[in-house]
Structure formats: C-alpha cells, structure tokens
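Q: The structure follows.
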Amino acid sequence: LSPRRTAARLALLVAFAGLVPLTILGGFALETLRARTEEAAAGSLEAVAGQVAARVQAFVEHARKEVRGLAATAALAPDRADVRRLLEDAELDDPDLADATLVDVGRPAAFANRIEGSAWRALEAGGEAASSPYLGEDQTPRMDHCVALRGHPGRALCARIDLLELTRFVQHIRTGEGGRALVLDGQGRVVASGAGTYRAAVLSGADVPHSPAAREMARGARSGPRRLLADDGAPFLLGWARVAEPPWTVVVEQPEREALRPARLARWGLAGIAAVALAVSLGVGVFGSRRMLADLAVEERWRTAGRLAAGVSHDLGHRIAVLQHTASLADRGDASQLPRIAANLRAEADTLRRFVSDFSDLSRDLAVIERRPVLLDALARSVALSAAPRAEPAGVRVEADEGAGAWVEGDRHLLERAAMNLVVNAVEASPRGGEVRVTAGRDGDECFLRVADGGGGISPERLARIFDAFASTKRSGDHLGMGLPNVKRIAEAHGGRVTAGNGLQGGAVFEIRLLAAEPPGA
Amino acid sequence: VEPEGSLGPRRRRRWWPLALAAAAVGCGRGGPAAPVELHVGGVAEPEPLQPDPTYALARSAAGLVYEPSCRWDTGRGLVPAAARTCRRDGPGNYWLEPDPARRFADGSPLLAEDLARAARSAGLAASLEGAGVRVRAPGGAWPVEALLSERLVWRPGVPVPLGTGPFEPVAHGPDRIELRRRQAVPGRIDRVSFEAHSASRDILALALRGKLDVVVGLDARQWEMLEDVPDLALVRGPSPHAVAVVFNARTLALEERRALAASLPVADLAAAYGESCRPAGRPASQPVPAGRSLRVLVLRGDPALWRVGLALRRALGPRGGDLRGSLPGDPSSWHGSTSWDLLVGPVIHPSFPGTAVNFHSGSPDNLSGLADAEADAALDLGDLLAFAKAMERDPPAVVLCARDRVLAVTARVRNASPGWWRLLDLLPEWEVER
C-alpha cells in the first residue's frame, strides 16, 4: 500500500466508524420526527375538519330555524292572502331559502319526491321532515325541509335550503397549498368538495375514496382512516369530523408530500449535513493521515538507519577484531601460522562479500523485476547442488525432491538467492549427520518451495519476528540478520509470501508460496 | 342572447410546471410542434354553422369563420374588420371599402359586393359607390352601427357559405362544428371543435373530467362548480348586456314612468342580482309615488333575476303587487302584453347602438312598447347621447347593472379573455403553451 492509499483507508475507517452509529441514530431521530410531524399534521387537519363540521351544522341549523320561523308566522293565519308574499320575501331576506310553500301533508306536491315516506309520517305527527341533499335544475346542491304548522293539522310549510353558500364555503377552504375539504352525506355521496377532482362526484353521486368511511361515520364510527390514496395514487393525510345533524361527515385532506414537508426537509438537511461532514472528515482525515504517515516514515527511516548502523558497526567491529587477530598472527612471523592466516583472510573476505551482497539485495529495487517462467523443481535441485559444498563440511546432507512440475513466473536469480538463503540457514541449523530437504510442489493455485531442516525448530516468541531485519539470533558469527527479511521482500515482490513454522519432526520449515503459472508452450 | 354569468375570483394559474414542461419538450424536439386544438363545450341548442346563427355556441363558431364588415369598439365606435375603411359620412350613413388583402377560404378576394350583400341581408340600403359600398339606414329597429357589427360577411359556397375569418370549417353538423386555422400562427390555436349539449350537467361533468378546454353557457351559480378545477381557469370580462327594469308603456303613463324611474333604488336592486353585475349606482331621488299596485314580471332563465324581482316588489312598498315569472319559451307572456307593469330582464346596454333591439319602437323585441319619436330617431342615427336624453325624458326602462360574461378556459391559454360581442371573438389571439 502506498502512503496515499493507506491514508485514505485510515480516513475512511475513522469516518465510517463515526458515521455508522450517527446514521443509525439520525435515522431513528428522523423516523421519530416524521411520525410526530404526521401526527401533528393529522391533528391539525382534524381540528380544521371539526371547525368545518361546526360551520356546516350551524349553516343547516340556521336555515332550518328560518323555515321554523316562517312556519310559525304562517301558522298564525295560513289562509291569508299576504302569506304567499311573506314567504316569497323570505327568499329575499335569506338567500339560502327558496320556494317556501304551504303544503297539505297528504298531498305534498313537489316536495314528496325528495322526502322519504317515514319522514312524512313524522310531519303528520306534528314534527319536521328533511330530504337528503340533491342537485337542483341548475346543478347546485340543495335539500328540502318541511315543518308542520302548529294548530293546523295536515298542513306544513316546506322550503328548499340552497346549499350553494355552503358549497362555496367548503370550496374555499384551504389547508396548505394542496389541502381541501369534502362534505359527504350519510350515504357517502359528496355534497361539496374543495378538490376539483372530486367535484364530478357531486354531479354523478358516485363514490369517492372517502365514501366508505363516511358511511361508517354516519353509523357511529368516531373517525376514518388517517391516510388514503387518491384516485391518482397520491397519498393524502386526512382529518375527520362528524356533523351531528344532518348525519354528514367532513373530511379535510392534505397531500402527504406537502404535510410532511418539514420532516422531509429535515431529512434532506441532515443528509446534506452528514454528507458534508463525511466529506470534510474524509478530507481532513486523508490530509492528517498522510502527514502522520510521512512523519512515521521519516521516523522509521531514522530508526532503520540506526538499527542498520548498530548492526553494521557491530558486525564490522567483529570482522575488524578477527582481522586484527589475524594481523597479530602475521606479525609474529611464524611460518607455521601462514595457513591459518590465509584461512582467516579467506573466511573474512567471504563474510564481507556476503555482507556486501546482502546490502546489495536490500538496496535493490524489487518493484521492477523481470518475470520469466521458472520451474521450481529445477530451482530446488540447483539450490541443493549449490549448497552441498557448504553442507558437507558440517556433515549435513541437502536433498531435493523433484517431479512436481511447479511452474511460476519470476526472477530466477532472486528466487534462487531467496532459496539459497533458506537452505544455508537450514544447513547451519541442522546437527551433524542431519538432512535438509528442499521440496518443490503445487498446492491448488499456488506453488511452493519448502525448505525443512532437522534442527531444533523455532521458538514461538521468535516466530513472531523472524522476518524482521537484524533479528537473527546468530548475529555474533557471520550473520547480519538480513537474510530472512530479504527472503520475505523477494517473495512479496513476486506477489507471494513466505511462511515459517516447525515440522512434525521438530525441525524448522520455511515455505515460499507463489502464484502457479502455466508451463511454457502449454 | 349570449351566455353570461357571475363568478368568483379568478383562479390562480399554475403555469410554471406547464412552462417548464413545454420548455423541456421544446428543447428536446427539433421537429414541428403538434397542432393545438381546443374543445369548446356549451349549453346550447344544436345548430349548424351559418353566417347568421341564433344560439351562443354557433354564434361563437361563426365569429371565427366569418367577420363583420366593421366591429364596434366601445371607445372608438365602428372600426374596420373585413372592410379596410368604415367611414361615417353622417347619421346612419357609412361608406365601406373592402380590404384587398382579405380573402375568402377558397382564395378569392373580398369585393365591395360582398360587403353590400351582408349589409342588405341586415336590412340596410347598400349601393356600390366608387371602390366601396354606400350603406344607409332605411329607418327601423336597428341602427347602422349595430347591424354592421352584428352581420357577418359571407359569400355563397358549398357545403357552407365562405368566410374571411381566420378559421375555416372542417366539419359542420348541428351537434358538432370543427374549425381549423387557415394559416397557422406559432403559439396560437390551430383547431377548435364546438360541441353543443342540452344539459348543463353534461357540460359540468365533461369539464370536471378535463374533457373540455373551453366552457361557455353556464349560469352564474354553475360557474362556481368549476372553481379550482385543475388546468381550468375562470376568466371574465364585460359584455354588451345589462339587467334592467322595463316599464310597460302600454299600462304606465309618462309621468308615472318618470316618477318610478326616479324612485327605484338601483344599487340595491343590482345587489340582489349578485356580484356578476356592475351596478349603475344611481340612488333613489324620491319615494315611490302612490298609486295602484304594480304587477312585476320576471323573465325566466336566470334565477338571479327572480331575486331582483323580489327586491323590486319590496322597493315598491305598498305598490308592489303580483310577482310572476314569464313562461319559458313563451314570448306572448310579455310581448305586447298589458298583463304586467314592470319587467325585470336582460337588455342590450344603452351604451351600445344595439340597444335599439330592445327600445326602438320598430323592433320586434321592443320590451316596453314605447314609441318615442326622438328616441327612435336617436337610435336610427346611432346617437347614443341623444338616446340617453330621450330615455331621461321618457324612460322606457332603468338600467340596474352591466353584466359580466364568463368563460372557463384551459390554463394552457395564457391570455384568455372573453370577447365583448361574441364570446370567442378574441380566441384567434389567445396564446397557448404547447
């Protein structure tokens, strides 16, 4: 991972770690807000419906009182010639009354068609009778009302109550921008509608979506549904109220989209704020992480340089001590010591060459490697052969297992150096008479090169840091502690990995695992 | 009689979604726009297209196919329509010159003879003079101004007479008339179809279902049903009609008519009619004179007139007598009758020469039966000031208020307004959102 991507990942991790609980909390808060807003909106609609119902009832009651008043006046002298004029003038005084007429209850003429038979019986008993709302010739709603004349059995005063003013009132009710009111009679027919879409039902008498609930309310239900889909599928919030007499229902509705606009605005607002907060936290996080990682990298470089310097000075100091000891042997001028001096110098030269070679590997840019097909079997055999001269003096055998056909793609030179590193370590770890086995094989999509020795294995505490630089336990000899880190770098540079562990027999087992490749020409 | 009515405040048009949609469609399409068609519905008797129709809907259609020679303008008098020149050379004397650019639907040019034919069909004397036509009033019910603005110019044609108006007929049955614009104008209406319905219920139902673009012919109370209907706006404007109390000159002497005219509370009576009538506003200057009871007749057809009748009877006080309505479709209940003293009904407003149809002694629709030589002369000459003076001296009627006329028009039309004389005279100029 590059420092930039690492910084981005870190920032994302931190941002989402904070955002997820905030989102859950915000979602809960928003849902609560939505529910409360819906409840408040429905409450408001219900309050408006209640006011409309009171007004409707007052209107009808006022008109009926007028009819009763006319009936009382007419009852004083129903046969006088000026009664007709009195009734006609009532129409002028109260625009909501029309066609006030004295009728014989047995022969009610035009009013009989609108008032049900049972209501007529109430009239015969000296009471009142009323029709359901209906449309007049001019297609405006009205209802008939008759009042028995006191002291004149069999006679009554009937009048038409013009509901146009009521219709006008209902049509002008607004709740918000799209909220309207409807008045429905006991049969669920629309008497007046503020919503133009339902006004055709006033003419046709057809049901609207509110009709079933209105019928239920006329039978005593306290309220209707709080939410309803209009004919076009749009959801509406509703407030219901019942008119005591006549048994009509008032419903005030408002598009849900409009009624819940505050909650929706809050949701979008919070979502916007969260998005901005996320963007800001990501930006700040990425910026801060990159700076922190850069500081860490500098610190790590210094630490690595210090560790290198310590290792190098320690190892070079040891080498210098050996060379000084060899020089002191040479100073004696003892010819018998010459072979020993020569052996010492060769050994130190080899050690320093390896020292330089390891440093060279460490400084090599492994990002660019030349990949070619490599047969791990052949590599294992080659490494076993190369290591034999070094193993024989220690009394250790190096054996290679062949025939697996494990092909990978990689830099043969680097892979060989990594394998050799493992084999040399294994030889040094093995007791005299022991055996180091180099095995190449394929395991699913991976190929491996396994080096197993017959030594005492690796302690658990060392396993954890075995691939760290300068972590070798053998650094007092010719070991710098840079071999295994180099093996790891080489394996990872090839897209693979290296593992370390202990075998069933107790010895250490190292495996370089790389992605398998097809044999050339396959 | 043109359809009229009253109405509530003009509905707010939600034009911006349409404008956005139109802009989006306009930006998205490179081809020619589809023709704009309006469906007009009204309560009217079925009537085929002809230059001299009787009922409102066919009159509106005829006004789009045919043009009058000259048009009455309330501020300027007669102004050219099909004619290029309408020159007043004296009382009842006009010289008309045909507009050479005017063409009939078959492409033939408008000639002086065509103007003369239209004038003669209106009962005017017309003779070719120079490049135009000399038109004179022979004396009669109609003044030249009213006749020229009412009578449409036509030329015999098949299947219907040809006109010079902006539209031509495509179909012309009695129930349905379809017109198309002769020359397309961007942003204007291309086609109009007229449907006559006998019941206002049908019209309202169609309008509420969005099946009509223009609704005409409803009465004042019914318009309220169309308020706040999506995509339909109520528009209103002045009309040449007024509500008046007409005195029966056969039963009321001159002095009594004068006294009654001065005693009627015009504003109160106008208020009884409703909001759709602009009151003349003259207060009563004296009490109603004593005398016999006066019989009031109300012309049926408009429920608001009945309330005016009630208010009139009350205003007459002890003299307020029998109140009754005329029998529907029976002119004999009022025409030439002595069975009533005061009549409440619609008249042509005295500010328009066409008022002669109601008040000229020679008119078959002379309501009052008054035969005043000075008033007749003033009407014959189109001298409305002289007629007003004659009315004051010998009043045949008291005008209560000027009535508005109303249309319901689709909100797609941006500048809809009713015509002053015919309802849809201004339709060719309406601008439409596509």
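Just remember, in the structure tokens the first chain shown is A, the second B, etc., residues are 1-based per chain, and ligands are 1-based in the order shown.
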Tell me the residues of chain B close to chain A, meaning within 7 Å using only C-alpha atoms, as a list in words.

A: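 Going by the stated atoms only, the list reads Arg201, Ala205, Leu208, Gln222, Asp228, Val229, Pro230, Arg307, Leu310 and Ala311 of chain B.
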
Q: Extract, using only C-alpha atoms, all DNA, RNA and protein residues at most 12 Å from Ala400 in chain A, discarding same-chain residues fewer than 3 positions from it, and format them as a PyMOL selection string.

A: chain A and resi 376-388+397+403-404+419+423+435-441+449-452

Q: For Thr54 in chain B, work out the shell of residues within 10 Å, counting only C-alpha atoms and skipping chain neighbours fewer than 2 positions away, then give it as number ranges by chain.

A: B: 1-2, 44-45, 47, 50-52, 56-59

Q: Store the residues picked out above in a file with N, CA, C and O atoms, as a compact mmCIF listing (two decimals), in the first residue's frame.

A:
# COMPACT_ATOMS: atom_id res chain seq x y z
N VAL B 1 -79.32 35.42 -27.26
CA VAL B 1 -78.71 36.06 -26.08
C VAL B 1 -77.44 35.30 -25.75
O VAL B 1 -77.42 34.08 -25.68
N GLU B 2 -76.36 36.04 -25.54
CA GLU B 2 -75.09 35.40 -25.22
C GLU B 2 -75.12 34.80 -23.82
O GLU B 2 -75.76 35.33 -22.92
N ALA B 44 -76.32 24.73 -25.31
CA ALA B 44 -76.92 25.44 -26.45
C ALA B 44 -77.75 24.46 -27.26
O ALA B 44 -77.57 23.25 -27.18
N GLU B 45 -78.66 25.03 -28.05
CA GLU B 45 -79.41 24.21 -28.99
C GLU B 45 -78.48 23.82 -30.13
O GLU B 45 -77.66 24.63 -30.57
N GLU B 47 -77.08 23.53 -33.65
CA GLU B 47 -77.28 24.45 -34.77
C GLU B 47 -76.09 24.34 -35.71
O GLU B 47 -74.95 24.39 -35.26
N GLN B 50 -73.46 28.63 -39.81
CA GLN B 50 -74.04 29.54 -40.81
C GLN B 50 -73.67 30.97 -40.41
O GLN B 50 -73.31 31.22 -39.26
N PRO B 51 -73.76 31.91 -41.36
CA PRO B 51 -73.33 33.28 -41.04
C PRO B 51 -74.29 34.01 -40.09
O PRO B 51 -73.91 35.02 -39.52
N ASP B 52 -75.50 33.49 -39.92
CA ASP B 52 -76.47 34.20 -39.11
C ASP B 52 -77.10 33.24 -38.08
O ASP B 52 -78.30 32.96 -38.14
N ALA B 56 -75.80 30.73 -28.86
CA ALA B 56 -74.49 31.25 -28.47
C ALA B 56 -73.33 30.46 -29.05
O ALA B 56 -72.35 31.03 -29.53
N LEU B 57 -73.42 29.13 -29.00
CA LEU B 57 -72.26 28.34 -29.41
C LEU B 57 -71.99 28.50 -30.90
O LEU B 57 -70.85 28.71 -31.33
N ALA B 58 -73.06 28.39 -31.69
CA ALA B 58 -72.90 28.56 -33.14
C ALA B 58 -72.50 30.00 -33.47
O ALA B 58 -71.76 30.24 -34.42
N ARG B 59 -72.97 30.95 -32.67
CA ARG B 59 -72.55 32.35 -32.87
C ARG B 59 -71.05 32.49 -32.66
O ARG B 59 -70.36 33.19 -33.40

Q: Give me, as number ranges by chain, all polymer residues having an atom no more than 7 Å from Leu124 in chain B, counting only C-alpha atoms and skipping those fewer than 2 positions away in the same chain.

A: B: 119-120, 122, 126, 135-138

Q: So that I have them on file, write out the residues from the current selection with N, CA and C atoms, as a tab-separated table (two decimals), in the first residue's frame.

A:
chain	number	residue	atom	x	y	z
B	119	ALA	N	-74.67	43.81	-45.84
B	119	ALA	CA	-75.45	44.96	-45.37
B	119	ALA	C	-76.92	44.80	-45.74
B	120	ARG	N	-77.14	44.34	-46.99
B	120	ARG	CA	-78.54	44.17	-47.43
B	120	ARG	C	-79.23	43.07	-46.62
B	122	ALA	N	-78.90	42.52	-43.69
B	122	ALA	CA	-79.26	43.07	-42.38
B	122	ALA	C	-80.37	44.09	-42.51
B	126	ALA	N	-77.85	49.37	-49.45
B	126	ALA	CA	-76.43	49.35	-49.81
B	126	ALA	C	-76.31	49.48	-51.32
B	135	VAL	N	-73.67	52.64	-47.41
B	135	VAL	CA	-74.66	51.95	-46.59
B	135	VAL	C	-75.47	52.99	-45.85
B	136	ARG	N	-76.81	52.85	-45.93
B	136	ARG	CA	-77.68	53.80	-45.23
B	136	ARG	C	-78.74	53.01	-44.46
B	137	ALA	N	-79.14	53.64	-43.32
B	137	ALA	CA	-80.23	53.03	-42.56
B	137	ALA	C	-81.55	53.46	-43.17
B	138	PRO	N	-82.37	52.52	-43.53
B	138	PRO	CA	-83.65	52.89	-44.11
B	138	PRO	C	-84.64	53.34	-43.05
